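The file run-v1.cif comes next; it holds mmCIF, C-alpha atoms.
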data_protein
#
loop_
_atom_site.label_atom_id
_atom_site.label_comp_id
_atom_site.auth_asym_id
_atom_site.auth_seq_id
_atom_site.Cartn_x
_atom_site.Cartn_y
_atom_site.Cartn_z
CA MET A 91 89.21 99.56 89.62
CA VAL A 92 91.65 96.63 89.63
CA ASN A 93 93.33 95.86 86.31
CA SER A 94 93.38 92.06 86.57
CA LEU A 95 95.18 89.47 84.45
CA SER A 96 94.30 85.84 83.80
CA ILE A 97 96.00 83.12 85.83
CA ALA A 98 98.03 82.13 82.78
CA ASP A 99 99.17 85.72 82.21
CA LEU A 100 100.10 86.15 85.88
CA ARG A 101 102.16 82.96 85.77
CA ALA A 102 104.06 84.08 82.70
CA LYS A 103 104.56 87.73 83.71
CA TYR A 104 105.83 87.08 87.26
CA GLU A 105 107.19 83.52 86.94
CA LEU A 106 104.67 82.04 89.37
CA ASP A 107 103.29 78.57 89.93
CA GLN A 108 99.62 77.75 89.34
CA ALA A 109 98.61 77.90 93.00
CA THR A 110 100.22 81.31 93.60
CA ALA A 111 98.74 82.82 90.46
CA SER A 112 95.30 81.44 91.40
CA ILE A 113 95.45 83.18 94.80
CA LEU A 114 96.46 86.47 93.17
CA GLU A 115 93.63 86.20 90.65
CA LYS A 116 91.04 85.30 93.32
CA TYR A 117 91.92 88.26 95.53
CA LEU A 118 92.14 90.87 92.79
CA PHE A 119 95.87 91.46 92.52
CA ASP A 120 96.47 94.66 90.53
CA PRO A 121 99.46 94.19 88.17
CA ALA A 122 99.53 97.81 86.99
CA ASN A 123 99.68 99.19 90.51
CA PHE A 124 102.23 96.57 91.57
CA ASP A 125 104.49 97.28 88.60
CA PHE A 126 104.34 101.03 89.23
CA HIS A 127 105.56 100.70 92.82
CA ALA A 128 108.10 97.96 92.05
CA ASN A 129 109.64 100.06 89.28
CA ARG A 130 109.73 103.07 91.58
CA ILE A 131 111.67 101.11 94.21
CA LYS A 132 114.02 99.73 91.55
CA LEU A 133 114.72 103.25 90.33
CA ASP A 134 114.81 105.25 93.57
CA GLY A 135 115.27 102.63 96.29
CA PHE A 136 113.38 102.49 99.59
CA ASP A 137 113.41 105.73 101.54
CA GLN A 138 111.29 106.37 104.63
CA ALA A 139 111.38 110.09 103.75
CA LYS A 140 108.96 109.38 100.88
CA ASN A 141 106.23 109.13 103.52
CA TYR A 142 107.07 112.44 105.17
CA LEU A 143 104.32 115.03 105.18
CA LYS A 144 105.33 118.17 103.34
CA ARG A 145 102.70 120.26 105.09
CA VAL A 146 103.22 121.85 108.50
CA THR A 147 101.24 120.30 111.34
CA SER A 148 100.53 121.07 114.97
CA VAL A 149 99.14 119.07 117.87
CA PRO A 150 95.53 119.92 118.73
CA GLU A 151 94.25 120.80 122.17
CA LYS A 152 91.15 119.33 123.78
CA LYS A 153 89.14 122.40 122.78
CA ASP A 154 89.86 121.64 119.12
CA LEU A 155 87.98 118.33 119.32
CA GLU A 156 84.26 117.65 119.55
CA GLN A 157 83.22 116.06 122.83
CA MET A 158 80.27 113.88 123.67
CA PRO A 159 77.84 115.45 126.13
CA SER A 160 77.27 113.93 129.56
CA ARG A 161 75.27 110.70 129.41
CA ASP A 162 72.65 112.06 131.79
CA SER A 163 72.09 115.22 129.72
CA HIS A 164 69.18 116.13 127.46
CA GLU A 165 71.62 116.66 124.58
CA TYR A 166 72.94 113.12 124.89
CA ALA A 167 69.38 111.74 124.90
CA GLN A 168 68.61 113.67 121.73
CA LEU A 169 71.72 112.37 119.96
CA LYS A 170 70.84 108.82 121.02
CA LYS A 171 67.34 109.23 119.60
CA ILE A 172 68.72 110.47 116.26
CA GLY A 173 71.08 107.50 116.02
CA GLU A 174 68.42 104.95 116.96
CA GLU A 175 66.05 106.32 114.35
CA ALA A 176 68.72 105.91 111.68
CA PHE A 177 69.31 102.32 112.81
CA LEU A 178 65.58 101.50 112.75
CA ASP A 179 65.26 103.04 109.27
CA GLY A 180 67.92 100.67 107.90
CA GLU A 181 70.42 103.47 107.32
CA VAL A 182 73.29 101.80 109.20
CA LEU A 183 75.86 99.26 108.00
CA VAL A 184 78.53 98.01 110.40
CA VAL A 185 81.86 96.95 108.87
CA VAL A 186 84.48 95.23 111.02
CA LEU A 187 88.11 95.16 109.90
CA ALA A 188 89.01 91.49 110.25
CA GLY A 189 91.83 90.65 107.88
CA GLY A 190 94.49 89.74 110.42
CA MET A 191 95.86 86.54 111.88
CA ALA A 192 96.15 85.85 115.61
CA THR A 193 99.93 85.40 115.45
CA ARG A 194 100.31 86.95 118.92
CA PHE A 195 97.55 84.70 120.29
CA GLY A 196 99.05 81.43 119.10
CA GLY A 197 97.78 81.34 115.51
CA GLY A 198 94.47 81.10 113.70
CA ILE A 199 92.15 83.89 112.60
CA LYS A 200 92.15 86.85 114.98
CA ALA A 201 88.42 87.47 114.56
CA LEU A 202 87.68 83.92 115.72
CA ALA A 203 90.15 83.84 118.61
CA PRO A 204 88.27 82.79 121.79
CA ILE A 205 89.56 85.47 124.10
CA LEU A 206 86.46 86.43 126.15
CA GLU A 207 85.12 83.51 128.18
CA GLY A 208 84.75 81.41 125.05
CA LEU A 209 83.47 84.32 122.97
CA SER A 210 85.37 85.33 119.85
CA PHE A 211 85.89 88.91 118.76
CA ALA A 212 83.54 88.27 115.82
CA LYS A 213 80.79 86.88 118.07
CA VAL A 214 80.95 89.97 120.27
CA LYS A 215 80.35 92.15 117.19
CA GLN A 216 77.36 90.01 116.21
CA LEU A 217 75.80 89.96 119.69
CA ASP A 218 76.18 93.72 119.95
CA LEU A 219 74.00 94.36 116.91
CA GLU A 220 71.67 91.49 117.70
CA LYS A 221 70.75 93.16 120.97
CA TYR A 222 69.38 96.21 119.14
CA ALA A 223 67.79 94.18 116.34
CA LEU A 224 65.95 91.92 118.80
CA LYS A 225 64.80 94.85 120.90
CA HIS A 226 63.25 96.61 117.91
CA ASN A 227 62.40 93.51 115.82
CA VAL A 228 64.40 94.64 112.80
CA THR A 229 67.10 93.14 110.59
CA CYS A 230 70.53 94.72 110.24
CA LYS A 231 73.66 93.97 108.23
CA LEU A 232 77.14 93.19 109.54
CA LEU A 233 80.09 92.90 107.16
CA PHE A 234 83.61 91.71 107.93
CA MET A 235 86.38 92.97 105.68
CA THR A 236 88.59 89.92 105.29
CA SER A 237 91.94 89.20 103.67
CA PHE A 238 93.39 86.25 101.76
CA LEU A 239 94.37 84.93 105.20
CA SER A 240 90.96 85.13 106.89
CA ASP A 241 88.41 85.11 104.08
CA GLU A 242 87.59 81.40 103.83
CA SER A 243 87.31 80.90 107.60
CA MET A 244 85.30 84.08 108.11
CA SER A 245 82.98 83.26 105.19
CA ARG A 246 82.17 79.89 106.78
CA TRP A 247 81.65 81.53 110.16
CA ALA A 248 79.40 84.20 108.65
CA ALA A 249 77.25 81.61 106.86
CA SER A 250 76.76 79.56 110.03
CA ASN A 251 76.12 82.52 112.37
CA SER A 252 73.85 84.68 110.20
CA ASN A 253 70.25 84.82 111.44
CA ASP A 254 66.98 86.66 110.93
CA TYR A 255 68.19 89.65 112.96
CA VAL A 256 71.82 90.03 111.92
CA LYS A 257 72.71 89.18 108.33
CA ILE A 258 76.46 88.59 108.26
CA GLY A 259 78.62 88.82 105.16
CA THR A 260 82.25 89.19 104.15
CA CYS A 261 84.04 91.43 101.68
CA PRO A 262 87.62 90.38 100.91
CA GLN A 263 90.28 92.95 100.25
CA SER A 264 92.92 92.73 97.56
CA ILE A 265 96.35 91.12 97.70
CA SER A 266 99.91 91.93 96.66
CA LEU A 267 103.47 90.61 96.77
CA ARG A 268 106.27 91.79 99.04
CA LEU A 269 109.42 93.12 97.43
CA ARG A 270 113.07 93.03 98.35
CA THR A 271 114.64 96.41 98.99
CA ASP A 272 115.95 96.39 95.40
CA GLY A 273 112.39 96.23 94.03
CA GLN A 274 112.51 92.57 92.97
CA ILE A 275 109.83 90.12 94.06
CA PHE A 276 110.91 88.38 97.25
CA ARG A 277 111.15 84.60 96.95
CA GLU A 278 112.03 81.99 99.56
CA ASP A 279 114.73 79.44 98.77
CA ASN A 280 111.98 77.11 97.54
CA GLY A 281 110.57 79.82 95.27
CA ASP A 282 107.57 80.77 97.44
CA VAL A 283 106.54 84.43 97.40
CA SER A 284 105.26 86.46 100.36
CA PHE A 285 101.69 87.79 100.20
CA TYR A 286 100.22 90.76 102.03
CA SER A 287 97.04 92.84 102.01
CA PRO A 288 97.40 96.60 101.49
CA GLY A 289 95.96 97.85 104.79
CA HIS A 290 92.55 98.99 106.00
CA GLY A 291 92.50 101.93 103.59
CA ASP A 292 91.58 99.33 100.98
CA LEU A 293 88.06 99.46 102.47
CA LEU A 294 87.13 102.28 100.09
CA GLU A 295 87.62 100.09 97.02
CA VAL A 296 86.36 96.95 98.77
CA LEU A 297 82.96 98.42 99.57
CA SER A 298 82.65 100.14 96.21
CA ARG A 299 82.63 96.70 94.54
CA SER A 300 80.60 94.88 97.24
CA LYS A 301 77.14 93.58 96.32
CA ASP A 302 76.13 93.77 99.98
CA PHE A 303 77.05 97.44 100.07
CA GLU A 304 75.22 98.06 96.80
CA GLN A 305 72.06 96.49 98.24
CA PHE A 306 72.48 98.49 101.43
CA CYS A 307 72.55 101.75 99.46
CA GLU A 308 69.62 100.72 97.29
CA GLY A 309 67.64 100.14 100.48
CA GLY A 310 68.27 103.67 101.72
CA GLY A 311 71.55 103.10 103.57
CA LYS A 312 73.39 106.25 104.59
CA TYR A 313 76.04 105.52 107.24
CA VAL A 314 78.90 103.03 107.45
CA LEU A 315 80.24 102.31 110.94
CA VAL A 316 83.80 100.97 110.88
CA ASN A 317 85.80 99.45 113.73
CA ASN A 318 88.69 97.08 114.41
CA VAL A 319 87.76 93.50 115.26
CA ASP A 320 90.13 93.45 118.27
CA ASN A 321 88.51 96.47 119.96
CA ALA A 322 85.59 94.77 121.70
CA ALA A 323 84.57 98.01 123.43
CA ALA A 324 83.79 99.69 120.08
CA THR A 325 80.15 98.65 120.25
CA PHE A 326 77.25 100.34 118.46
CA ASP A 327 76.46 103.59 120.30
CA PRO A 328 73.48 105.36 118.76
CA ALA A 329 74.55 108.61 120.43
CA VAL A 330 77.88 108.59 118.58
CA LEU A 331 76.01 108.04 115.32
CA GLY A 332 73.61 110.79 116.32
CA ALA A 333 76.54 113.14 116.90
CA HIS A 334 77.87 112.36 113.42
CA ILE A 335 74.49 113.04 111.84
CA SER A 336 73.91 116.19 113.91
CA ILE A 337 77.32 117.72 113.17
CA GLY A 338 76.85 116.98 109.48
CA LYS A 339 80.37 116.23 108.28
CA GLN A 340 81.21 113.31 105.98
CA MET A 341 83.34 111.41 108.47
CA THR A 342 83.66 111.07 112.23
CA CYS A 343 86.80 109.67 113.87
CA GLU A 344 86.63 108.51 117.47
CA ILE A 345 89.61 109.85 119.40
CA ALA A 346 90.96 108.67 122.76
CA LYS A 347 93.35 110.30 125.22
CA ASN A 348 96.78 108.74 124.77
CA ASN A 349 100.27 110.16 125.25
CA SER A 350 102.17 108.09 122.71
CA PHE A 351 102.86 107.74 119.01
CA GLY A 352 100.57 106.42 116.29
CA GLY A 353 97.82 107.69 114.04
CA ALA A 354 96.43 110.82 115.65
CA PRO A 355 94.56 114.05 114.89
CA ARG A 356 96.76 116.94 113.91
CA ILE A 357 96.00 120.42 112.62
CA VAL A 358 97.06 120.80 109.00
CA GLY A 359 96.32 124.05 107.21
CA GLY A 360 93.71 125.02 109.75
CA ARG A 361 91.77 121.73 109.64
CA LEU A 362 91.98 118.46 111.53
CA GLU A 363 93.29 115.32 109.84
CA ILE A 364 94.46 111.91 110.99
CA ILE A 365 98.23 111.75 110.49
CA GLU A 366 100.42 108.70 111.14
CA ASP A 367 103.54 109.34 113.18
CA PHE A 368 105.79 107.87 110.47
CA CYS A 369 104.62 110.69 108.20
CA LEU A 370 106.32 113.20 110.50
CA ARG A 371 110.00 113.98 110.24
CA THR A 372 112.23 112.67 113.02
CA LYS A 373 112.50 116.02 114.76
CA ASP A 374 108.70 116.18 115.02
CA LYS A 375 108.52 112.81 116.80
CA ILE A 376 110.02 114.31 119.95
CA GLU A 377 106.55 115.62 120.74
CA THR A 378 104.04 112.90 121.55
CA ASN A 379 100.39 113.48 120.73
CA PRO A 380 97.97 113.57 123.69
CA PHE A 381 95.31 111.93 121.50
CA LEU A 382 95.05 108.75 119.44
CA ASN A 383 92.90 107.70 116.51
CA THR A 384 91.02 104.56 117.64
CA ASN A 385 90.12 103.59 114.05
CA THR A 386 86.45 103.55 115.01
CA LEU A 387 84.72 105.63 112.35
CA VAL A 388 81.39 106.76 110.95
CA ILE A 389 81.54 107.51 107.23
CA ASN A 390 78.74 108.61 104.94
CA ALA A 391 77.92 105.82 102.50
CA GLU A 392 78.17 108.14 99.50
CA ILE A 393 81.94 108.36 100.05
CA PHE A 394 82.32 104.71 99.07
CA LYS A 395 80.35 105.02 95.84
CA THR A 396 83.12 107.01 94.13
CA PRO A 397 86.15 106.37 96.39
CA VAL A 398 89.04 108.80 96.42
CA ALA A 399 92.52 107.49 95.63
CA LEU A 400 94.38 107.34 98.93
CA ASN A 401 98.18 107.46 98.96
CA TYR A 402 100.24 104.30 99.24
CA PHE A 403 102.77 104.47 102.06
CA ASP A 404 106.09 102.64 101.76
CA VAL A 405 106.43 100.25 104.70
CA GLU A 406 109.40 98.08 105.62
CA LYS A 407 108.58 94.71 107.21
CA ASN A 408 111.04 92.32 108.75
CA VAL A 409 110.17 88.75 107.69
CA ASN A 410 112.41 86.08 109.22
CA GLY A 411 115.18 88.64 109.57
CA ILE A 412 114.88 89.87 105.98
CA PRO A 413 113.82 93.51 105.31
CA LEU A 414 110.95 93.51 102.80
CA ILE A 415 108.87 96.31 101.28
CA GLN A 416 105.10 96.59 101.00
CA PHE A 417 102.72 99.43 100.19
CA GLU A 418 99.82 100.25 102.50
CA LEU A 419 96.63 102.30 102.43
CA LEU A 420 95.32 103.80 105.69
CA ILE A 421 91.63 104.60 106.14
CA GLY A 422 92.39 107.54 108.43
CA GLU A 423 93.94 109.39 105.48
CA LEU A 424 90.42 109.82 104.13
CA SER A 425 90.21 112.76 106.55
CA ARG A 426 92.56 114.61 104.19
CA PHE A 427 89.98 114.50 101.42
CA VAL A 428 86.67 114.95 103.27
CA GLU A 429 85.51 117.09 106.17
CA ALA A 430 86.01 115.06 109.34
CA THR A 431 84.87 115.42 112.93
CA MET A 432 87.37 114.39 115.60
CA LEU A 433 85.15 113.12 118.42
CA LEU A 434 86.75 112.64 121.83
CA VAL A 435 85.22 109.54 123.46
CA GLU A 436 85.65 107.88 126.82
CA ASP A 437 88.48 105.38 127.19
CA GLU A 438 88.16 104.43 130.86
CA GLY A 439 85.55 102.66 132.96
CA LEU A 440 82.27 101.11 131.84
CA ASN A 441 81.76 103.74 129.14
CA SER A 442 85.15 103.15 127.52
CA ARG A 443 85.10 102.72 123.76
CA PHE A 444 88.76 101.85 123.33
CA GLU A 445 90.07 98.57 124.78
CA PRO A 446 92.25 97.09 122.02
CA MET A 447 93.58 93.54 122.45
CA LYS A 448 96.50 93.02 120.10
CA SER A 449 98.57 90.58 122.15
CA LEU A 450 98.21 87.98 124.90
CA SER A 451 99.38 90.56 127.44
CA ASP A 452 96.60 92.92 126.27
CA ILE A 453 94.07 90.14 126.81
CA GLU A 454 95.30 89.43 130.31
CA GLN A 455 95.34 93.15 131.13
CA ARG A 456 91.95 94.06 129.67
CA ARG A 457 89.82 90.90 129.85
CA GLU A 458 88.00 91.64 133.11
CA ALA A 459 87.41 95.29 132.18
CA VAL A 460 86.03 94.30 128.76
CA LEU A 461 83.75 91.65 130.28
CA ARG A 462 82.35 94.25 132.67
CA ILE A 463 81.81 96.65 129.77
CA LEU A 464 79.98 94.04 127.69
CA ALA A 465 77.86 92.97 130.66
CA ASP A 466 76.95 96.58 131.44
CA ARG A 467 75.85 97.05 127.82
CA GLU A 468 73.78 93.82 128.02
CA ILE A 469 75.84 92.20 125.26
CA PHE A 470 77.26 89.41 127.38
CA ASP A 471 76.21 87.94 130.71
CA ALA A 472 79.34 87.98 132.85
CA GLY A 473 77.82 85.28 135.07
CA HIS A 474 77.20 82.94 132.12
#
Please express the file's structure as structure tokens.
Amino acid sequence: MVNSLSIADLRAKYELDQATASILEKYLFDPANFDFHANRIKLDGFDQAKNYLKRVTSVPEKKDLEQMPSRDSHEYAQLKKIGEEAFLDGEVLVVVLAGGMATRFGGGIKALAPILEGLSFAKVKQLDLEKYALKHNVTCKLLFMTSFLSDESMSRWAASNSNDYVKIGTCPQSISLRLRTDGQIFREDNGDVSFYSPGHGDLLEVLSRSKDFEQFCEGGGKYVLVNNVDNAAATFDPAVLGAHISIGKQMTCEIAKNNSFGGAPRIVGGRLEIIEDFCLRTKDKIETNPFLNTNTLVINAEIFKTPVALNYFDVEKNVNGIPLIQFELLIGELSRFVEATMLLVEDEGLNSRFEPMKSLSDIEQRREAVLRILADREIFDAGH
């Protein structure tokens, strides 16, 4: 749990103005955690090697991953039935990671960026669930994990777009202050500090303190579906949920084919985990991984009730030409602590589940393909 201080104490301890201290207090700044990492940087300095994995890893082959059965098979139909039953029983909560800004799209909140024929990323996520809820005349819950940057806008959007079929809420993540490489708080010439949120791994703590999540569990909720707001193709697929339930592990990570660097499944001590490429020593980076973690996950709800303490990774950010340090949590690291299924999903054609749009060039490249995908899944009428 966060060890918070009053606004007055924050002002005095870190020499902050009223407005800055108020933002830190609102978004659950953790002084004890901040001081620990700041003192560590002051003592030892910033060193990328701190992130290096000390365990030996190897790149998996296709046979090491679980694979979805053919969509025209009896097995696929059975998995779809299992997933739909869980949805109808109120056992499913969808959480969309939506803390970012649309800096590469010209500004504003990324979740609300109108990038698909007037549709925002957030609206696509709502319409996806609404399709199932309307079909079966049930109510489901959709949560957006926000940040200090997106929370107010997303909270207003959620309130105005919630309806009888899709109840939309927000759950803000915590906040921290960037450091200089000497461990001191970074301040602009005018004294302003630089805020950041500690990454999507913060979701464990965020849900553990969420009233919406608490109510979900009290109502018999069992499965949390997590995806990135900018991956419009990561729609609700009951067969994927059915695969998670059928296999019986605590976590399922959707994996796509991708010969590049990034978070990816690797074999560590005989089991599969998601490992970020910056956790591998330089000599290991010569070998690209043929697979990529899409950050689309199914996680048993019980995991969030008593969240494990993920590791903070030291990350260097360049802000206006100045190297600054922040500390990030990554949700994929949960696979180190629980048994995880690495599920290879389609990433091409109408059945693709991985079409990320992180820049204007991505939008131009993927827009037509994503519109066809959404139309095929009856989420959006391409002729509208």
d(CA of Ala354 (chain A), CA of Val428 (chain A)) in Å: 16.3 Å
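With CA of Val409 (chain A) on one side and CA of Glu454 (chain A) on the other, the separation reads 27.1 Å.
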Can you tell me, as an mmCIF file with C-alpha atoms, keeping the file's coordinate frame, what residues are no more than 7 Å from region 331-345 of chain A when counting all atoms listed in the file, ignoring any on the same chain fewer than 4 positions away?
data_model
loop_
_atom_site.group_PDB
_atom_site.id
_atom_site.type_symbol
_atom_site.label_atom_id
_atom_site.label_comp_id
_atom_site.auth_asym_id
_atom_site.auth_seq_id
_atom_site.Cartn_x
_atom_site.Cartn_y
_atom_site.Cartn_z
ATOM 1 C CA LEU A 169 71.720 112.370 119.960
ATOM 2 C CA LYS A 170 70.840 108.820 121.020
ATOM 3 C CA ILE A 172 68.720 110.470 116.260
ATOM 4 C CA GLY A 173 71.080 107.500 116.020
ATOM 5 C CA ASP A 327 76.460 103.590 120.300
ATOM 6 C CA PHE A 381 95.310 111.930 121.500
ATOM 7 C CA LEU A 382 95.050 108.750 119.440
ATOM 8 C CA ASN A 383 92.900 107.700 116.510
ATOM 9 C CA THR A 384 91.020 104.560 117.640
ATOM 10 C CA ASN A 385 90.120 103.590 114.050
ATOM 11 C CA THR A 386 86.450 103.550 115.010
ATOM 12 C CA LEU A 387 84.720 105.630 112.350
ATOM 13 C CA VAL A 388 81.390 106.760 110.950
ATOM 14 C CA ILE A 389 81.540 107.510 107.230
ATOM 15 C CA ASN A 390 78.740 108.610 104.940
ATOM 16 C CA VAL A 428 86.670 114.950 103.270
ATOM 17 C CA GLU A 429 85.510 117.090 106.170
ATOM 18 C CA ALA A 430 86.010 115.060 109.340
ATOM 19 C CA THR A 431 84.870 115.420 112.930
ATOM 20 C CA MET A 432 87.370 114.390 115.600
ATOM 21 C CA LEU A 433 85.150 113.120 118.420
ATOM 22 C CA LEU A 434 86.750 112.640 121.830
ATOM 23 C CA VAL A 435 85.220 109.540 123.460
#
Might you pull out every residue within 9 Å of Asp179 (chain A), with all atoms listed in the file counted and same-chain residues fewer than 3 positions away left off, and present them as a PDB file with C-alpha atoms, in the coordinates of the input?
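Contents of the output file part_35.pdb:
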ATOM      1  CA  GLU A 174      68.420 104.950 116.960  1.00  0.00           C
ATOM      2  CA  GLU A 175      66.050 106.320 114.350  1.00  0.00           C
ATOM      3  CA  ALA A 176      68.720 105.910 111.680  1.00  0.00           C
ATOM      4  CA  VAL A 182      73.290 101.800 109.200  1.00  0.00           C
ATOM      5  CA  GLY A 310      68.270 103.670 101.720  1.00  0.00           C
ATOM      6  CA  GLY A 311      71.550 103.100 103.570  1.00  0.00           C
TER       7      GLY A 311
END
Residue contacts of region 271-285 of chain A (10 Å, only C-alpha atoms) excluding same-chain residues fewer than 4 positions away, as number ranges by chain: A: 104-107, 110, 113-114, 125, 127-137, 238-239, 265-267, 406, 409, 412-416
Residue IDs satisfying the PyMOL selection byres ((chain A and resi 248-250) around 12), as a list in words: Ala201, Leu202, Ala212, Lys213, Lys215, Gln216, Lys231, Leu232, Leu233, Phe234, Met235, Thr236, Ser240, Asp241, Glu242, Ser243, Met244, Ser245, Arg246, Trp247, Asn251, Ser252, Asn253, Val256, Lys257, Ile258, Gly259, Thr260 and Cys261 of chain A
Neighbour list for Gln138 (chain A) as a VMD selection string, cut-off 8 Å, all atoms listed in the file, skip fewer than 3 positions in-chain: chain A and resid 141 to 142 404 to 405
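Between CA of Pro446 (chain A) and CA of Ala139 (chain A) the separation is 29.5 Å.
What the PyMOL selection byres ((chain A and resi 362-372) around 6) matches in the given file is Asn141, Tyr142, Leu143, Gly352, Gly353, Ala354, Pro355, Arg356, Ile357, Arg361, Lys373, Asp374, Lys375, Gly422, Ser425 and Arg426 of chain A.
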Where does the PyMOL selection byres ((chain A and resi 160) around 12) land in this file, that is, which residues does it pick, as a CSV table (one decimal) with C-alpha atoms, in the frame of the given file?
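Ended up saving to out-v6.csv:
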chain,number,residue,atom,x,y,z
A,157,GLN,CA,83.2,116.1,122.8
A,158,MET,CA,80.3,113.9,123.7
A,159,PRO,CA,77.8,115.4,126.1
A,161,ARG,CA,75.3,110.7,129.4
A,162,ASP,CA,72.6,112.1,131.8
A,163,SER,CA,72.1,115.2,129.7
A,164,HIS,CA,69.2,116.1,127.5
A,165,GLU,CA,71.6,116.7,124.6
A,166,TYR,CA,72.9,113.1,124.9
A,167,ALA,CA,69.4,111.7,124.9
A,168,GLN,CA,68.6,113.7,121.7
A,169,LEU,CA,71.7,112.4,120.0
A,170,LYS,CA,70.8,108.8,121.0
A,329,ALA,CA,74.6,108.6,120.4
A,435,VAL,CA,85.2,109.5,123.5
A,436,GLU,CA,85.6,107.9,126.8
A,441,ASN,CA,81.8,103.7,129.1
